[in-house]
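K.L.:
Next up is a structure, given as structure tokens.
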2 protein chains.
Amino acid sequence: MSTTGRGLHGRVLDSLGPSITAGEYPAGSVLRTDELAQRFEVSRSVMREAVRVLESMHLVESRRRVGVTVLPEREWNVYDPQVIRWRLAGCERPRQLRSLTVLRSAVEPVAASLAARHATDEQRAELTACALGMVANSSGHKLDQYLFHDVAFHRVILTASGNEMFARLGDVVAEVLTGRTHHDVMFEDPDPAAVTLHVRLAEAVRARDAVRAESLTREITVGALQELDILAP
Amino acid sequence: MSTTGRGLHGRVLDSLGPSITAGEYPAGSVLRTDELAQRFEVSRSVMREAVRVLESMHLVESRRRVGVTVLPEREWNVYDPQVIRWRLAGCERPRQLRSLTVLRSAVEPVAASLAARHATDEQRAELTACALGMVANSSGHKLDQYLFHDVAFHRVILTASGNEMFARLGDVVAEVLTGRTHHDVMFEDPDPAAVTLHVRLAEAVRARDAVRAESLTREITVGALQELDILAP
DNA sequence: GAAACGCATAAGGTACGACGAATTCAAGGG
DNA sequence: CCCTTGAATTCGTCGTACCTTATGCGTTTC
């Protein structure tokens with residue numbers, strides 16, 4: 001599941017990255033490459049490559065005569081899937097989950113609207129197939145199967161929107177949905193109302209009804225927000 | 001402006017990154033580290049660091065006995081500001097601008113709604129200040145001044161939403177607005193209707209009217225979509 | 001005494017060379 | 001025809017040496 005094992009520098013990242021995103025090193029903390037190399041028992045070359053990656057994520061900044069400085073949270077590339085995974089794995093998980101769910105609630109309705117207009121016939125068919133899969137696994141402790149189809153459903157919507165930026169959020173949505181099922185409050189069986197909404201959404205996309213697709217998706221995301229107690233007073 | 005000059009590996013990236021995002025090397029193309037190092041006249045160490053960064057952006061994949069393989073566009077981290085900048089600088093610019101504008105149209109209304117509820121008093125004040133700045137420079141060939149306030153305006157909205165994911169899109173919006181003004185079709189003076197909308201939006205946020213803020217922002221983003229001939233039939 | 005200058009030093013930046021490891025591909029044998 | 005085996009190739013890792021530069025402090029100067 002994780003990106004681990006892609007070489008020594010990957011191992012270092014899997015250890016150092018989460019430490020930083022977890023706030024273990026406050027913004028402004030200074031690390032030295034040699035010290036880190038020693039700590040992780042790798043050569044300086046490997047450590048430098050790891051630092052370069054962290055730098056490209058704007059988690060740290062490397063400066064001469066100073067060292068590797070941890071950047072403030074506001075600078076981080078919070079859209080980097082790796083960063084998202086690291087934050088979801090740490091104590092920042094609840095906040096990250098909220099941020100991502102709000103993002104979903106903004107993006108998915110528009111994506112659904114676009115999907116209703118631009119989806120291919122195959123995509124429309126796949127969408128209904130996913131909805132059926134959700135229905136079939138909506139009762140009887142088949143959460144994993146349900147989750148699988150749920151993730152696939154939202155992935156199809158985002159991809160079918162025809163917008164590359166939306167499509168790339170498929171992994172994010174997958175993480176959110178997976179996280180919700182496995183770690184957080186998830187009742188024994190999914191909410192029947194949510195299942196129905198997905199079925200109706202698949203129908204709307206099939207019927208090329210953009211406004212209905214958008215509206216239904218909005219209902220779905222509102223449900224997701226409510227689960228996390230993110231309300232609109 | 002660019003991230004250039006931060007070492008040799010940065011120079012290499014500034015040259016190689018845009019080449020890849022421009023599609024100069026089709027997906028599946030294989031590059032060899034040594035060859036690249038020779039071409040850019042840098043040591044293998046530097047080249048490896050550059051490749052690591054490209055790898056973290058999912059632009060390429062490095063495998064033993066094979067080389068550095070260019071990944072298909074669908075794998076790229078299109079939310080990486082660096083990647084966005086590279087693509088905006090290349091021939092993919094129009095498509096990138098459309099994708100980003102659609103993203104804006106999805107995110108900003110929700111962000112404005114949240115900003116109306118969660119903004120601090122300082123942020124509300126700054127917002128009206130930006131709107132006034134836009135009005136003051138809305139006529140008489142003062143496009144740069146107008147742009148400055150426009151960017152600041154949208155940045156405040158995104159930041160005031162309280163959502164870190166939204167806040168990080170400030171740079172993206174800045175790029176889009178700047179690009180629109182400098183390179184693309186931009187009439188001598190900004191559309192007066194758009195200016196009015198910004199003023200009313202600032203008022204709505206000031207009045208904590210979330211639904212009106214969302215609605216007004218939707219009008220603004222619809223305008224942005226229309227400018228790029230992205231219609232909703 | 002304060003400000004400007006300049007040097008020593010500590011950290012990252014770059015280069016090169018050697019070896020190890022893994023994967024692809026082809027040759028050989030069953 | 002398939003499986004095994006080995007050789008070639010490319011990245012992966014390491015270590016060392018040297019360069020570059022920014023910081024911090026001591027010195028000089030007004």
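Going through the structure tokens in order, the chains are called A, B, and so on, while each chain numbers its residues from 1 and the ligands are numbered from 1 in the order shown.
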Using only C-alpha atoms (C1' of nucleotides), find which residues of chain B lie within 10 Å of chain D and jot them down as a ChimeraX atom specification.

P.N.:
/B:32-34,48,62-68

K.L.:
Using only C-alpha atoms, determine which residues of chain A fall within 6 Å of chain B; present them as a PyMOL selection string.

P.N.:
chain A and resi 49+53+99+106-107+110+163

K.L.:
May I have the selected residues written with N, CA and C atoms, as a compact mmCIF listing (two decimals), in the first residue's frame?

P.N.:
```
# COMPACT_ATOMS: atom_id res chain seq x y z
N GLU A 49 19.34 12.93 -1.46
CA GLU A 49 18.21 12.68 -2.36
C GLU A 49 16.89 12.76 -1.60
N VAL A 53 13.69 15.52 -2.16
CA VAL A 53 12.27 15.20 -2.33
C VAL A 53 11.44 15.99 -1.32
N SER A 99 -10.50 18.61 6.06
CA SER A 99 -10.10 19.43 4.91
C SER A 99 -10.45 18.74 3.61
N ALA A 106 -16.81 20.47 -2.46
CA ALA A 106 -16.75 21.55 -3.45
C ALA A 106 -16.59 20.99 -4.85
N VAL A 107 -15.76 19.97 -4.98
CA VAL A 107 -15.37 19.50 -6.30
C VAL A 107 -16.37 18.50 -6.89
N VAL A 110 -19.55 19.58 -8.99
CA VAL A 110 -19.20 20.11 -10.31
C VAL A 110 -18.71 18.98 -11.22
N ASN A 163 -11.99 16.53 -16.65
CA ASN A 163 -11.03 17.50 -16.13
C ASN A 163 -9.92 16.76 -15.40
```

K.L.:
Select from chain C every residue with an atom at most 12 Å from any atom of chain A, then for each give the shortest pair of atoms and their distance in Å to one decimal, using only C-alpha atoms (C1' of nucleotides), rows by chain and rising number, as a Markdown table.

P.N.:
```
| residue | atom | partner | partner_atom | distance |
| --- | --- | --- | --- | --- |
| C:DT9 | C1' | A:Arg65 | CA | 9.4 |
| C:DA10 | C1' | A:Arg65 | CA | 6.0 |
| C:DA11 | C1' | A:Arg65 | CA | 3.9 |
| C:DG12 | C1' | A:Arg64 | CA | 4.7 |
| C:DG13 | C1' | A:Arg64 | CA | 8.3 |
| C:DT14 | C1' | A:Ser45 | CA | 11.4 |
| C:DA21 | C1' | A:Gly7 | CA | 11.2 |
| C:DA22 | C1' | A:Gly7 | CA | 11.7 |
```

K.L.:
Using Å and a single decimal, report how far CA of Glu126 in chain A sits from CA of Arg200 in chain A.

P.N.:
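A separation of 14.2 Å between them.
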
K.L.:
Just the alpha helix (DSSP H) stuff from range 143-211 of chain B, please, per backbone DSSP, written as an MDAnalysis selection string.

P.N.:
chainID B and resid 143:160 164:167 170:182 192:206 210:211

K.L.:
Using only C-alpha atoms, which of the listed residues (A:Pro94, A:Met47, A:Glu188, A:His182) sits closest to Glu35 in chain A?

P.N.:
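Answer, going by the shortest atom-to-atom distance: A:Met47.
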
K.L.:
For CA of Leu16 in chain B and CA of Arg93 in chain B, determine how far apart the two atoms are, in Å to one decimal place.

P.N.:
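Separating CA of Leu16 in chain B from CA of Arg93 in chain B is a distance of 17.2 Å.
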
K.L.:
Just how far from CA of Glu219 in chain A is CA of Gly133 in chain A, in Å to one decimal?

P.N.:
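CA of Gly133 in chain A sits 20.2 Å away from CA of Glu219 in chain A.
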
K.L.:
If we count only C-alpha atoms (C1' of nucleotides), what is near Arg212 in chain A at a cut-off of 10 Å, once residues fewer than 2 positions away on the same chain are taken out, given as a list in words?

P.N.:
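Within the cut-off, the hits are Pro109, Ala112, Ser113, Ala116, Arg200, Leu201, Glu203, Ala204, Val205, Ala207, Arg208, Asp209, Ala210, Glu214, Ser215, Leu216, Thr217 and Arg218 of chain A.
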
K.L.:
Could the residues in this selection be saved with C-alpha atoms as a PDB file, in the first residue's frame?

P.N.:
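Okay, this is what ended up in part39.pdb:
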```pdb
ATOM      1  CA  PRO A 109     -20.845  18.204  -7.483  1.00  0.00           C
ATOM      2  CA  ALA A 112     -20.733  15.086 -11.494  1.00  0.00           C
ATOM      3  CA  SER A 113     -22.317  17.836 -13.523  1.00  0.00           C
ATOM      4  CA  ALA A 116     -23.322  13.888 -16.893  1.00  0.00           C
ATOM      5  CA  ARG A 200     -30.107   7.924  -8.494  1.00  0.00           C
ATOM      6  CA  LEU A 201     -26.886   9.729  -9.355  1.00  0.00           C
ATOM      7  CA  GLU A 203     -29.312   7.241 -13.327  1.00  0.00           C
ATOM      8  CA  ALA A 204     -28.967  11.004 -13.664  1.00  0.00           C
ATOM      9  CA  VAL A 205     -25.571  10.675 -15.354  1.00  0.00           C
ATOM     10  CA  ALA A 207     -29.815  10.385 -18.519  1.00  0.00           C
ATOM     11  CA  ARG A 208     -27.343  13.206 -19.143  1.00  0.00           C
ATOM     12  CA  ASP A 209     -29.165  15.281 -16.532  1.00  0.00           C
ATOM     13  CA  ALA A 210     -26.387  17.569 -15.350  1.00  0.00           C
ATOM     14  CA  GLU A 214     -24.959  17.998  -9.399  1.00  0.00           C
ATOM     15  CA  SER A 215     -27.807  18.254  -6.938  1.00  0.00           C
ATOM     16  CA  LEU A 216     -27.658  14.590  -5.957  1.00  0.00           C
ATOM     17  CA  THR A 217     -23.899  14.729  -5.491  1.00  0.00           C
ATOM     18  CA  ARG A 218     -24.379  17.756  -3.284  1.00  0.00           C
TER      19      ARG A 218
END
```

K.L.:
As a VMD selection string, please: the residues near Asn137 in chain A (cut-off 12 Å, only C-alpha atoms (C1' of nucleotides), same-chain neighbours under 6 positions excluded).

P.N.:
chain A and resid 130 to 131 143 to 150 188 to 192 195

K.L.:
The selected residues should be written to file as a PDB file, in the first residue's frame (atoms: N, CA and C atoms).

P.N.:
```
ATOM      1  N   CYS A 130     -21.219   0.076 -10.712  1.00  0.00           N
ATOM      2  CA  CYS A 130     -20.711   0.371  -9.368  1.00  0.00           C
ATOM      3  C   CYS A 130     -21.871   0.567  -8.396  1.00  0.00           C
ATOM      4  N   ALA A 131     -22.880   1.314  -8.832  1.00  0.00           N
ATOM      5  CA  ALA A 131     -24.038   1.557  -7.977  1.00  0.00           C
ATOM      6  C   ALA A 131     -24.711   0.237  -7.599  1.00  0.00           C
ATOM      7  N   LEU A 143     -18.689  -4.652   4.311  1.00  0.00           N
ATOM      8  CA  LEU A 143     -18.185  -3.288   4.194  1.00  0.00           C
ATOM      9  C   LEU A 143     -17.063  -3.155   3.181  1.00  0.00           C
ATOM     10  N   ASP A 144     -16.162  -4.137   3.150  1.00  0.00           N
ATOM     11  CA  ASP A 144     -15.035  -4.047   2.223  1.00  0.00           C
ATOM     12  C   ASP A 144     -15.504  -4.053   0.781  1.00  0.00           C
ATOM     13  N   GLN A 145     -16.432  -4.922   0.484  1.00  0.00           N
ATOM     14  CA  GLN A 145     -16.976  -4.969  -0.872  1.00  0.00           C
ATOM     15  C   GLN A 145     -17.697  -3.667  -1.212  1.00  0.00           C
ATOM     16  N   TYR A 146     -18.462  -3.194  -0.232  1.00  0.00           N
ATOM     17  CA  TYR A 146     -19.181  -1.944  -0.430  1.00  0.00           C
ATOM     18  C   TYR A 146     -18.203  -0.809  -0.708  1.00  0.00           C
ATOM     19  N   LEU A 147     -17.180  -0.729   0.120  1.00  0.00           N
ATOM     20  CA  LEU A 147     -16.171   0.317  -0.030  1.00  0.00           C
ATOM     21  C   LEU A 147     -15.543   0.269  -1.411  1.00  0.00           C
ATOM     22  N   PHE A 148     -15.220  -0.931  -1.853  1.00  0.00           N
ATOM     23  CA  PHE A 148     -14.595  -1.104  -3.169  1.00  0.00           C
ATOM     24  C   PHE A 148     -15.427  -0.460  -4.264  1.00  0.00           C
ATOM     25  N   HIS A 149     -16.715  -0.736  -4.239  1.00  0.00           N
ATOM     26  CA  HIS A 149     -17.585  -0.185  -5.273  1.00  0.00           C
ATOM     27  C   HIS A 149     -17.811   1.313  -5.089  1.00  0.00           C
ATOM     28  N   ASP A 150     -17.835   1.734  -3.830  1.00  0.00           N
ATOM     29  CA  ASP A 150     -18.010   3.153  -3.542  1.00  0.00           C
ATOM     30  C   ASP A 150     -16.843   3.952  -4.115  1.00  0.00           C
ATOM     31  N   GLU A 188     -22.397  -0.350  11.282  1.00  0.00           N
ATOM     32  CA  GLU A 188     -22.293  -1.718  10.764  1.00  0.00           C
ATOM     33  C   GLU A 188     -22.573  -1.781   9.270  1.00  0.00           C
ATOM     34  N   ASP A 189     -23.667  -1.166   8.852  1.00  0.00           N
ATOM     35  CA  ASP A 189     -23.977  -1.145   7.430  1.00  0.00           C
ATOM     36  C   ASP A 189     -24.128   0.301   6.980  1.00  0.00           C
ATOM     37  N   PRO A 190     -23.793   0.570   5.718  1.00  0.00           N
ATOM     38  CA  PRO A 190     -23.890   1.951   5.217  1.00  0.00           C
ATOM     39  C   PRO A 190     -25.322   2.458   5.238  1.00  0.00           C
ATOM     40  N   ASP A 191     -25.421   3.782   5.297  1.00  0.00           N
ATOM     41  CA  ASP A 191     -26.721   4.438   5.327  1.00  0.00           C
ATOM     42  C   ASP A 191     -27.492   4.137   4.037  1.00  0.00           C
ATOM     43  N   PRO A 192     -28.670   3.520   4.157  1.00  0.00           N
ATOM     44  CA  PRO A 192     -29.465   3.192   2.962  1.00  0.00           C
ATOM     45  C   PRO A 192     -29.765   4.422   2.104  1.00  0.00           C
ATOM     46  N   VAL A 195     -26.926   5.044  -0.196  1.00  0.00           N
ATOM     47  CA  VAL A 195     -26.913   4.079  -1.297  1.00  0.00           C
ATOM     48  C   VAL A 195     -27.900   4.501  -2.376  1.00  0.00           C
TER      49      VAL A 195
END
```

K.L.:
Taking the DSSP secondary structure from the backbone, can you list the residues of range 35-190 of chain B that are strand (DSSP E), as a list of chain:residue names?

P.N.:
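Selecting the strand (DSSP E) positions of range 35-190 of chain B gives B:Val60, B:Glu61, B:Ser62, B:Arg63, B:Gly67, B:Val68, B:Thr69, B:Val70.
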
K.L.:
Generate a file of the selected residues that holds C-alpha atoms, formatted as a short mmCIF file (atom, residue, chain, number, x, y, z; two decimals), in the first residue's frame.

P.N.:
```cif
data_model
loop_
_atom_site.label_atom_id
_atom_site.label_comp_id
_atom_site.auth_asym_id
_atom_site.auth_seq_id
_atom_site.Cartn_x
_atom_site.Cartn_y
_atom_site.Cartn_z
CA VAL B 60 9.11 9.83 -14.35
CA GLU B 61 9.88 6.47 -12.83
CA SER B 62 13.37 5.16 -12.31
CA ARG B 63 13.95 1.43 -12.63
CA GLY B 67 16.45 3.74 -17.00
CA VAL B 68 14.27 6.74 -16.26
CA THR B 69 10.88 6.18 -17.86
CA VAL B 70 8.54 9.07 -18.59
#
```
